[in-house]
Amino acid sequence: MNRTTYNRMDHNRKNPYVMINRALTQDNRLSAISIGLMAIILSNSDEFILNASHLKHVSKLTKTQFNSAWNDLKEYQYIIQKKVDGKGTWHYIINENSTPVIST
């Protein structure tokens with residue numbers, strides 16, 4: 001019979017939890033890489049300014065892996081990406097589920 005032991009860390013002000021909606025982790029349309037990328041995004045504060053190239057760097061994904069995960073998250077509207085101007089500036093809307101509440 002299989003057995004699993006979980007060694008959990010203490011969680012406090014210096015080492016807080018990251019809360020992620022279970023629906024994201026169980027969305028069978030997404031790969032584990034897509035879910036992991038979204039977990040990295042959601043682990044930041046709401047004041048964090050998303051930068052896709054920085055995110056690719058910290059995720060340590062290959063360009064192909066990152067682009068595939070990024071496109072999946074956009075396809076299912078976990079990420080909505082809107083161009084702000086012609087200079088490559090983006091406004092990202094991050095949704096914790098694939099049924100977003102659109103806000104500007």
# chains A, B, ... in the order shown; residues from 1 in each chain; ligands from 1

$ select_by_dssp --residues "stretch 25-92 of chain A" --states "alpha helix (DSSP H)" --output "JSON, numbers by chain"
{"A": [25, 32, 33, 34, 35, 36, 37, 38, 39, 40, 41, 42, 52, 53, 54, 55, 56, 57, 58, 59, 63, 64, 65, 66, 67, 68, 69, 70, 71, 72, 73, 74, 75]}

$ closest_residue --among "A:Arg3, A:Lys14, A:Lys87, A:Lys74" --to "A:Ser34" --atoms "only C-alpha atoms"
A:Lys74

$ residues_around --residues "stretch 47-60 of chain A" --least-positions-apart "4" --cutoff "8 Å" --atoms "only C-alpha atoms" --output "ChimeraX atom specification"
/A:37,40-41,66,92

$ write_last_selection --atoms "N, CA and C atoms" --output "PDB file, in the first residue's frame"
ATOM      1  N   LEU A  37       3.123  28.133 -13.922  1.00  0.00           N
ATOM      2  CA  LEU A  37       3.359  29.526 -14.303  1.00  0.00           C
ATOM      3  C   LEU A  37       2.325  30.438 -13.658  1.00  0.00           C
ATOM      4  N   ILE A  40       3.159  30.961 -10.047  1.00  0.00           N
ATOM      5  CA  ILE A  40       4.219  31.965  -9.874  1.00  0.00           C
ATOM      6  C   ILE A  40       3.623  33.361  -9.959  1.00  0.00           C
ATOM      7  N   ILE A  41       2.759  33.578 -10.935  1.00  0.00           N
ATOM      8  CA  ILE A  41       2.127  34.895 -11.100  1.00  0.00           C
ATOM      9  C   ILE A  41       1.324  35.246  -9.853  1.00  0.00           C
ATOM     10  N   PHE A  66       7.479  28.275 -22.159  1.00  0.00           N
ATOM     11  CA  PHE A  66       6.869  29.497 -21.660  1.00  0.00           C
ATOM     12  C   PHE A  66       5.765  29.970 -22.592  1.00  0.00           C
ATOM     13  N   TYR A  92      -2.067  44.002 -18.204  1.00  0.00           N
ATOM     14  CA  TYR A  92      -2.431  42.610 -17.947  1.00  0.00           C
ATOM     15  C   TYR A  92      -3.532  42.557 -16.915  1.00  0.00           C
TER      16      TYR A  92
END

$ residues_around --residues "A:Lys82" --least-positions-apart "3" --cutoff "9 Å" --atoms "only C-alpha atoms" --output "list in words"
Thr89, Trp90, His91, Tyr92 and Ile93 of chain A
